[in-house]
Amino acid sequence: MSNPAEAGPHDRFAVRAPGPLAWLGETRHLGLVIALVLLAIVGLVTKPENFATTSNLVSILSLAATIGVITVGATFVIIGGGIDLSVGATMALASVWATTLATQAYGPAVMAICAILVGTGTGLVNGLLIAYGRLVPFIATLAMLVAARGLAQRMSDRKTQIIQPENSAIVDLSTTRLLGVPLLVYIFALVVALGWVLLNRTTFGRRTYAVGGNPEAARLAGINVRRHTMLLYALSGLCCGIAAILIMARTTTGSSTHGDLYELDAIAAVIIGGTLLTGGRGTIIGSILGLLIFTLITNLFILNGLNTSDQLIAKGLIIVVAVLLQRRNLKERAP
Amino acid sequence: MSNNVARRGFLVGGAVLLAAGCTSNEPAAAPSSAAPAPAPAASGNDQPGTKVVIGFSAPAADHGWIAAIAKNAESAAKQYSDVEFKPVEPTNDINQQISAVESLIAAKVAALVILPNDGQQLNQVALQATQAGIPVVNLDRVFPDKLAYRTWIGGDNYGMGVAAGHYIGKQLKDKGVSNPVIVEIQGIATLPLTQDRSKGFADALKTYGFSVTAKQDAKFTVETGNSVAASLLQAHKKIDAMWNHDDDQGVGVLAAIKEAGRNEFFMVGGAGSLNAMKEIQSGTSVLKATVTYSPTMAASAIKLARLIAQEKGMSDLVENQVPQSITLASETITKENVEKYLPLGFES
């Protein structure tokens with residue numbers, strides 16, 4: 001608990017303010033929650049009849065689910081001092097591979113497993129290149145972004161691959177509702193919960209902070225830094241594989257065009273959530289709040305019939321403001 | 001450590017095995033992937049004439065429609081024993097397309113069919129071809145300089161919006177709906193073609209006294225169509241009609257509508273994909289019609305290039321030479337006439 005390399009958030013709130021809502025005590029998160037509340041108020045004022053409905057909230061969560069799962073993986077990689085630019089392309093590749101007619105012949109279970117294995121495998125290749133091939137993460141994953149998208153195009157012959165009716169069990173993840181909420185939102189919640197436990201309650205999580213904070217110190221402390229780095233990218237790939245299943249469920253297709261620029265959305269969510277790009281600090285909850293802010297903005301703009309260009313400007317501003325606020329917070333905390 | 005290596009080996013091995021099993025698209029893809037055979041000309045124009053080499057350059061297919069363009073061109077060329085089809089590597093890079101066209105000029109082909117990535121930016125090289133004595137058939141995206149090409153053939157984006165507007169306007173008028181909620185899902189908003197489509201749509205609706213309630217842009221991809229539609233459905237609890245500009249992104253739009261369990265409105269698509277036609281044919285889908293922007297124009301362009309190179313005219317017309325410009329009509333496909341269009345549908 002007293003190891004300085006472990007900067008997990010629970011260490012702090014264990015001392016400060018225990019309880020289920022303790023993360024509210026985190027100043028950074030408080031800012032994000034306030035931003036979310038402000039956006040919600042904007043929604044309530046501008047579109048009172050549409051915004052606060054259950055179906056709209058469910059729709060926001062469903063929209064956030066795919067990229068949310070990717071964001072969980074991206075948070076691990078970034079806390080570990082790396083970056084994964086290949087997430088969108090990896091998801092596209094997994095969705096294409098899982099929906100080829102040959103894969104579809106084996107049924108929905110094999111399709112899901114295929115997506116997960118392809119995602120994990122792609123992440124593993126990234127990890128091997130970075131940890132053992134000594135490639136800079138930015139370059140290795142940039143290469144993977146291009147190559148995976150190309151492979152996805154080649155495999156699908158640039159066509160949109162529609163999920164056959166006999167495999168509709170995949171699509172059911174999006175259409176079947178439990179307590180009014182589509183199954184894919186539960187999967188999203190489960191991934192976030194598992195990610196949180198892995199980061200905050202296991203040795204793996206502690207090592208992630210240590211490796212990202214100071215790899216040399218981590219190595220001297222007996223952590224196999226290379227192996228850990230490799231596993232982080234594999235984990236990110238695994239999340240992309242799961243996201244591929246969700247996008248297949250939502251769109252009823254696999255396509256090489258899926259997940260275009262998701263890497264930027266995921267990284268932006270992680271940064272807004274207070275994770276440092278230099279590694280060693282950050283939280284899953286922050287990233288998810290960051291993502292929800294983005295999704296809420298998109299929702300509000302469409303509800304009010306505003307155009308996409310203004311949406312992009314708003315998102316750009318939010319990234320800058322979030323980072324400026326965090327920098328101030330960090331200074332205040334510095335002894 | 002060695003233990004770890006072994007475990008990793010197992011993982012990688014598993015992935016490779018799976019790769020071998022799951023990459024193929026072979027089983028059912030074969031029958032429908034060939035483009036439909038274009039209809040024969042009215043008179044003796046299809047009789048073999050002088051042997052001609054026709055060069056072809058188009059953007060890389062990142063979209064079902066563009067893929068169908070290349071396929072239609074190739075199958076039209078194959079029909080003729082007197083045509084040697086010479087396509088160059090498709091690319092989305094302007095620079096590369098310019099050099100590809102230059103290579104066709106150097107090869108002294110008899111005619112060129114070019115679908116430029118951008119008409120403005122390819123204008124110069126098309127002009128070079130024309131000056132080298134090679135007739136250029138400009139496909140769809142127009143070169144601004146008329147000196148740069150011999151004949152233009154393409155679709156009518158404004159007309160597509162008009163066709164969708166008339167279908168929706170008439171349906172709603174017949175139902176006696178007043179103040180209908182009409183929703184429009186565009187393609188990439190910055191493209192002139194999108195703006196033309198939207199203008200045609202608004203103009204046609206105006207003749208019925210209707211207007212578009214809300215419009216949002218997607219990016220021609222399934223995923224963007226899906227997320228935009230999901231949010232639009234939230235914004236409008238009751239919709240009367242929806243026009244989606246593009247059938248490729250329409251797959252995502254339909255998925256979102258199904259997920260939301262909505263069926264109080266009808267939808268019109270755009271382009272004319274096989275998938276959209278099947279939805280229309282089923283009768284149970286909210287998709288009731290689609291307005292064409294048919295990639296068969298590429299097959300027609302090859303035919304025109306052949307006629308120009310062989311110095312023939314279009315046999316149904318009086319003139320001795322092929323016209324300077326041909327704008328295809330945007331046709332409305334409904335359940336009533338879908339049978340006739342099915343062979344022309346392209347896979348998204």
# chains A, B, ... in the order shown; residues from 1 in each chain; ligands from 1
>>> residues_around(residues="stretch 94-110 of chain B", least_positions_apart="5", cutoff="10 Å", atoms="only C-alpha atoms", output="ChimeraX atom specification")
/B:51-60,83-89,115-118,121-126,128-130,132-136,305-306,308-310
>>> write_last_selection(atoms="C-alpha atoms", output="CSV table (one decimal), in the first residue's frame")
chain,number,residue,atom,x,y,z
B,51,LYS,CA,-10.1,-3.8,-82.4
B,52,VAL,CA,-9.7,-1.1,-79.7
B,53,VAL,CA,-7.9,-0.9,-76.4
B,54,ILE,CA,-9.9,1.0,-73.7
B,55,GLY,CA,-8.0,2.3,-70.7
B,56,PHE,CA,-9.9,2.5,-67.4
B,57,SER,CA,-9.1,4.4,-64.2
B,58,ALA,CA,-11.2,4.8,-61.1
B,59,PRO,CA,-10.8,5.3,-57.3
B,60,ALA,CA,-10.1,2.4,-55.1
B,83,VAL,CA,-12.4,-4.6,-76.9
B,84,GLU,CA,-9.2,-5.0,-75.0
B,85,PHE,CA,-9.8,-3.8,-71.4
B,86,LYS,CA,-6.9,-2.1,-69.8
B,87,PRO,CA,-7.6,-1.1,-66.2
B,88,VAL,CA,-5.0,0.6,-64.0
B,89,GLU,CA,-4.5,0.0,-60.3
B,115,LEU,CA,-13.9,8.2,-63.0
B,116,PRO,CA,-11.6,10.8,-61.3
B,117,ASN,CA,-11.2,11.0,-57.5
B,118,ASP,CA,-11.7,14.7,-58.0
B,121,GLN,CA,-7.6,17.9,-59.8
B,122,LEU,CA,-7.6,15.3,-62.6
B,123,ASN,CA,-8.6,17.9,-65.2
B,124,GLN,CA,-5.1,18.6,-66.3
B,125,VAL,CA,-4.2,15.0,-67.1
B,126,ALA,CA,-7.5,14.4,-68.9
B,128,GLN,CA,-3.3,15.9,-71.9
B,129,ALA,CA,-5.0,12.8,-73.0
B,130,THR,CA,-7.4,14.7,-75.2
B,132,ALA,CA,-2.7,13.4,-77.4
B,133,GLY,CA,-5.7,12.4,-79.5
B,134,ILE,CA,-7.2,10.0,-77.1
B,135,PRO,CA,-11.0,10.5,-76.6
B,136,VAL,CA,-11.8,10.6,-72.9
B,305,ALA,CA,-15.8,4.6,-75.3
B,306,ARG,CA,-16.0,1.6,-77.7
B,308,ILE,CA,-16.3,6.6,-80.0
B,309,ALA,CA,-13.1,4.7,-80.7
B,310,GLN,CA,-14.7,2.9,-83.6
>>> select_by_dssp(residues="stretch 188-326 of chain B", states="strand (DSSP E)", output="list of chain:residue names")
B:Ala214, B:Lys215, B:Gln216, B:Asp217, B:Ala241, B:Met242, B:Trp243, B:Asn244, B:Phe266, B:Met267, B:Val268, B:Gly269, B:Gly270, B:Ala271, B:Leu287, B:Lys288, B:Ala289, B:Thr290, B:Val291, B:Thr292, B:Ser325, B:Ile326
>>> residues_around(residues="A:Ile272", least_positions_apart="3", cutoff="6 Å", atoms="only C-alpha atoms", output="PDB file with N, CA and C atoms, in the first residue's frame")
ATOM      1  N   ALA A 269     -10.947  10.417 -24.933  1.00  0.00           N
ATOM      2  CA  ALA A 269     -11.699  10.080 -23.723  1.00  0.00           C
ATOM      3  C   ALA A 269     -10.744   9.824 -22.560  1.00  0.00           C
ATOM      4  N   GLY A 290     -15.105  10.565 -19.336  1.00  0.00           N
ATOM      5  CA  GLY A 290     -14.677  11.340 -20.499  1.00  0.00           C
ATOM      6  C   GLY A 290     -15.442  10.924 -21.740  1.00  0.00           C
ATOM      7  N   ALA A 322     -10.191  20.471 -20.704  1.00  0.00           N
ATOM      8  CA  ALA A 322      -9.977  19.399 -19.732  1.00  0.00           C
ATOM      9  C   ALA A 322      -8.500  19.293 -19.366  1.00  0.00           C
TER      10      ALA A 322
END
>>> interface_residues(of="chain A", to="chain B", cutoff="6 Å", atoms="only C-alpha atoms", output="ChimeraX atom specification")
/A:56,100-103,158-160,175,251,258,303
>>> write_last_selection(atoms="N, CA and C atoms", output="compact mmCIF listing (two decimals), in the first residue's frame")
# COMPACT_ATOMS: atom_id res chain seq x y z
N ASN A 56 -33.84 7.44 -24.49
CA ASN A 56 -32.71 8.25 -24.91
C ASN A 56 -31.47 7.91 -24.10
N THR A 100 -16.92 -13.38 -42.16
CA THR A 100 -16.75 -14.01 -43.47
C THR A 100 -17.71 -15.20 -43.53
N LEU A 101 -18.11 -15.56 -44.72
CA LEU A 101 -19.08 -16.66 -44.83
C LEU A 101 -18.52 -17.94 -44.22
N ALA A 102 -17.18 -18.12 -44.34
CA ALA A 102 -16.57 -19.32 -43.79
C ALA A 102 -16.71 -19.36 -42.27
N THR A 103 -16.47 -18.22 -41.62
CA THR A 103 -16.62 -18.18 -40.16
C THR A 103 -18.08 -18.33 -39.79
N ARG A 158 -13.63 -5.46 -49.68
CA ARG A 158 -14.20 -4.11 -49.48
C ARG A 158 -15.73 -4.10 -49.49
N LYS A 159 -16.30 -5.23 -49.17
CA LYS A 159 -17.76 -5.25 -49.12
C LYS A 159 -18.22 -5.23 -47.67
N THR A 160 -19.48 -4.87 -47.48
CA THR A 160 -20.07 -4.93 -46.18
C THR A 160 -20.60 -6.34 -45.97
N THR A 175 -30.60 -6.22 -29.80
CA THR A 175 -32.06 -6.07 -29.83
C THR A 175 -32.76 -6.63 -28.58
N THR A 251 -24.71 -3.03 -35.88
CA THR A 251 -24.88 -2.70 -37.30
C THR A 251 -25.32 -3.90 -38.13
N HIS A 258 -15.59 -0.08 -40.37
CA HIS A 258 -15.97 0.10 -38.96
C HIS A 258 -14.82 0.74 -38.17
N LEU A 303 -30.11 15.82 -31.09
CA LEU A 303 -31.45 16.12 -30.58
C LEU A 303 -31.87 17.54 -30.98
>>> residues_around(residues="B:Gln171", least_positions_apart="5", cutoff="10 Å", atoms="only C-alpha atoms", output="number ranges by chain")
B: 165-166, 176-177, 241, 266
>>> write_last_selection(atoms="N, CA and C atoms", output="mmCIF file, in the first residue's frame")
data_model
loop_
_atom_site.group_PDB
_atom_site.id
_atom_site.type_symbol
_atom_site.label_atom_id
_atom_site.label_comp_id
_atom_site.auth_asym_id
_atom_site.auth_seq_id
_atom_site.Cartn_x
_atom_site.Cartn_y
_atom_site.Cartn_z
ATOM 1 N N GLY B 165 -37.979 13.032 -53.119
ATOM 2 C CA GLY B 165 -38.938 14.027 -52.645
ATOM 3 C C GLY B 165 -40.337 13.786 -53.205
ATOM 4 N N HIS B 166 -40.384 13.449 -54.500
ATOM 5 C CA HIS B 166 -41.698 13.195 -55.115
ATOM 6 C C HIS B 166 -42.340 11.943 -54.531
ATOM 7 N N GLY B 176 -52.976 11.964 -46.689
ATOM 8 C CA GLY B 176 -53.610 13.133 -46.094
ATOM 9 C C GLY B 176 -52.924 13.616 -44.833
ATOM 10 N N VAL B 177 -51.608 13.400 -44.741
ATOM 11 C CA VAL B 177 -50.882 13.873 -43.558
ATOM 12 C C VAL B 177 -50.604 15.364 -43.695
ATOM 13 N N ALA B 241 -41.796 10.190 -42.529
ATOM 14 C CA ALA B 241 -41.020 9.654 -43.640
ATOM 15 C C ALA B 241 -39.547 9.962 -43.437
ATOM 16 N N PHE B 266 -42.287 5.385 -43.112
ATOM 17 C CA PHE B 266 -41.655 4.649 -44.203
ATOM 18 C C PHE B 266 -40.366 5.345 -44.598
#
>>> select_by_dssp(residues="stretch 195-237 of chain A", states="helix (DSSP H, G or I)", output="PyMOL selection string")
chain A and resi 195-200+203-213+215-220+225-237
>>> residues_around(residues="stretch 187-195 of chain A", least_positions_apart="6", cutoff="10 Å", atoms="only C-alpha atoms", output="compact mmCIF listing (two decimals) with N, CA and C atoms, in the first residue's frame")
# COMPACT_ATOMS: atom_id res chain seq x y z
N LEU A 61 -26.13 5.11 -23.88
CA LEU A 61 -25.26 4.04 -23.38
C LEU A 61 -24.92 3.05 -24.48
N SER A 62 -25.90 2.73 -25.34
CA SER A 62 -25.63 1.79 -26.44
C SER A 62 -24.60 2.38 -27.40
N ALA A 64 -22.32 4.50 -26.60
CA ALA A 64 -21.03 4.58 -25.92
C ALA A 64 -20.39 3.20 -25.74
N ALA A 65 -21.21 2.14 -25.81
CA ALA A 65 -20.72 0.82 -25.42
C ALA A 65 -19.51 0.37 -26.24
N THR A 66 -19.61 0.46 -27.57
CA THR A 66 -18.55 -0.07 -28.43
C THR A 66 -17.21 0.61 -28.12
N ILE A 67 -17.23 1.93 -28.19
CA ILE A 67 -15.98 2.64 -28.00
C ILE A 67 -15.58 2.61 -26.53
N GLY A 68 -16.58 2.44 -25.64
CA GLY A 68 -16.29 2.34 -24.22
C GLY A 68 -15.41 1.14 -23.90
N VAL A 69 -15.74 0.01 -24.51
CA VAL A 69 -14.95 -1.19 -24.28
C VAL A 69 -13.51 -0.98 -24.76
N ILE A 70 -13.38 -0.31 -25.91
CA ILE A 70 -12.04 -0.02 -26.43
C ILE A 70 -11.29 0.93 -25.49
N THR A 71 -12.04 1.89 -24.94
CA THR A 71 -11.42 2.87 -24.04
C THR A 71 -10.82 2.21 -22.80
N VAL A 72 -11.50 1.16 -22.30
CA VAL A 72 -10.97 0.45 -21.14
C VAL A 72 -9.58 -0.10 -21.46
N GLY A 73 -9.45 -0.76 -22.61
CA GLY A 73 -8.15 -1.29 -23.01
C GLY A 73 -7.13 -0.19 -23.21
N THR A 75 -7.03 2.68 -21.80
CA THR A 75 -6.60 3.24 -20.52
C THR A 75 -5.43 2.44 -19.94
N PHE A 76 -5.53 1.12 -20.00
CA PHE A 76 -4.43 0.28 -19.50
C PHE A 76 -3.13 0.59 -20.24
N LEU A 173 -27.77 -9.42 -29.21
CA LEU A 173 -27.09 -8.68 -28.14
C LEU A 173 -27.54 -7.23 -28.14
N ARG A 201 -7.31 -3.77 -8.09
CA ARG A 201 -7.32 -4.77 -7.04
C ARG A 201 -6.39 -5.96 -7.31
N GLY A 205 -2.60 -4.81 -12.07
CA GLY A 205 -2.89 -3.38 -12.11
C GLY A 205 -1.78 -2.56 -11.48
N LEU A 235 -4.13 -7.06 -24.07
CA LEU A 235 -5.37 -6.72 -23.38
C LEU A 235 -6.16 -5.70 -24.19
N CYS A 239 -9.91 -6.16 -25.88
CA CYS A 239 -11.03 -5.22 -25.79
C CYS A 239 -11.56 -4.88 -27.19
N ILE A 242 -13.78 -7.65 -28.31
CA ILE A 242 -15.11 -7.59 -27.70
C ILE A 242 -15.92 -6.46 -28.36
N ALA A 243 -15.25 -5.33 -28.59
CA ALA A 243 -15.93 -4.20 -29.25
C ALA A 243 -16.43 -4.61 -30.64
N LEU A 246 -19.69 -6.18 -30.39
CA LEU A 246 -20.75 -5.20 -30.14
C LEU A 246 -21.12 -4.42 -31.41
N THR A 283 -7.22 6.62 -14.37
CA THR A 283 -8.27 5.76 -13.84
C THR A 283 -9.23 5.34 -14.94
N ILE A 284 -9.84 4.19 -14.75
CA ILE A 284 -10.85 3.70 -15.69
C ILE A 284 -12.10 4.57 -15.62
N ILE A 285 -12.52 4.88 -14.37
CA ILE A 285 -13.74 5.66 -14.20
C ILE A 285 -13.61 6.99 -14.93
N ILE A 288 -14.11 6.56 -18.65
CA ILE A 288 -15.51 6.31 -19.02
C ILE A 288 -16.32 7.60 -18.92
>>> residues_around(residues="A:Thr90", least_positions_apart="6", cutoff="7 Å", atoms="only C-alpha atoms", output="list in words")
Gly119, Thr122, Ala148 and Cys240 of chain A
>>> decode(residues="stretch 118-151 of chain A", atoms="C-alpha atoms", output="PDB file, in the first residue's frame")
ATOM      1  CA  VAL A 118      -8.301 -11.956 -33.844  1.00  0.00           C
ATOM      2  CA  GLY A 119      -8.392  -8.885 -31.595  1.00  0.00           C
ATOM      3  CA  THR A 120      -6.146 -10.429 -28.972  1.00  0.00           C
ATOM      4  CA  GLY A 121      -3.802 -11.796 -31.622  1.00  0.00           C
ATOM      5  CA  THR A 122      -3.441  -8.389 -33.265  1.00  0.00           C
ATOM      6  CA  GLY A 123      -2.748  -6.821 -29.875  1.00  0.00           C
ATOM      7  CA  LEU A 124      -0.206  -9.523 -29.132  1.00  0.00           C
ATOM      8  CA  VAL A 125       1.663  -8.757 -32.350  1.00  0.00           C
ATOM      9  CA  ASN A 126       1.730  -5.072 -31.324  1.00  0.00           C
ATOM     10  CA  GLY A 127       3.008  -6.112 -27.903  1.00  0.00           C
ATOM     11  CA  LEU A 128       5.727  -8.353 -29.306  1.00  0.00           C
ATOM     12  CA  LEU A 129       6.931  -5.651 -31.696  1.00  0.00           C
ATOM     13  CA  ILE A 130       7.027  -3.057 -28.928  1.00  0.00           C
ATOM     14  CA  ALA A 131       8.304  -5.101 -25.986  1.00  0.00           C
ATOM     15  CA  TYR A 132      10.716  -7.459 -27.721  1.00  0.00           C
ATOM     16  CA  GLY A 133      11.226  -5.780 -31.114  1.00  0.00           C
ATOM     17  CA  ARG A 134      11.968  -2.482 -29.349  1.00  0.00           C
ATOM     18  CA  LEU A 135       9.745  -0.491 -31.698  1.00  0.00           C
ATOM     19  CA  VAL A 136       8.333   2.790 -30.407  1.00  0.00           C
ATOM     20  CA  PRO A 137       4.630   2.166 -29.544  1.00  0.00           C
ATOM     21  CA  PHE A 138       3.490   5.049 -31.741  1.00  0.00           C
ATOM     22  CA  ILE A 139       5.231   3.572 -34.772  1.00  0.00           C
ATOM     23  CA  ALA A 140       4.387  -0.081 -34.161  1.00  0.00           C
ATOM     24  CA  THR A 141       0.684   0.589 -33.663  1.00  0.00           C
ATOM     25  CA  LEU A 142       0.580   3.106 -36.526  1.00  0.00           C
ATOM     26  CA  ALA A 143       1.931   0.356 -38.768  1.00  0.00           C
ATOM     27  CA  MET A 144      -0.707  -1.997 -37.392  1.00  0.00           C
ATOM     28  CA  LEU A 145      -3.445   0.595 -38.004  1.00  0.00           C
ATOM     29  CA  VAL A 146      -2.574   0.709 -41.694  1.00  0.00           C
ATOM     30  CA  ALA A 147      -1.901  -3.000 -42.106  1.00  0.00           C
ATOM     31  CA  ALA A 148      -4.954  -4.250 -40.192  1.00  0.00           C
ATOM     32  CA  ARG A 149      -7.266  -1.970 -42.145  1.00  0.00           C
ATOM     33  CA  GLY A 150      -5.678  -3.220 -45.384  1.00  0.00           C
ATOM     34  CA  LEU A 151      -6.061  -6.841 -44.351  1.00  0.00           C
TER      35      LEU A 151
END
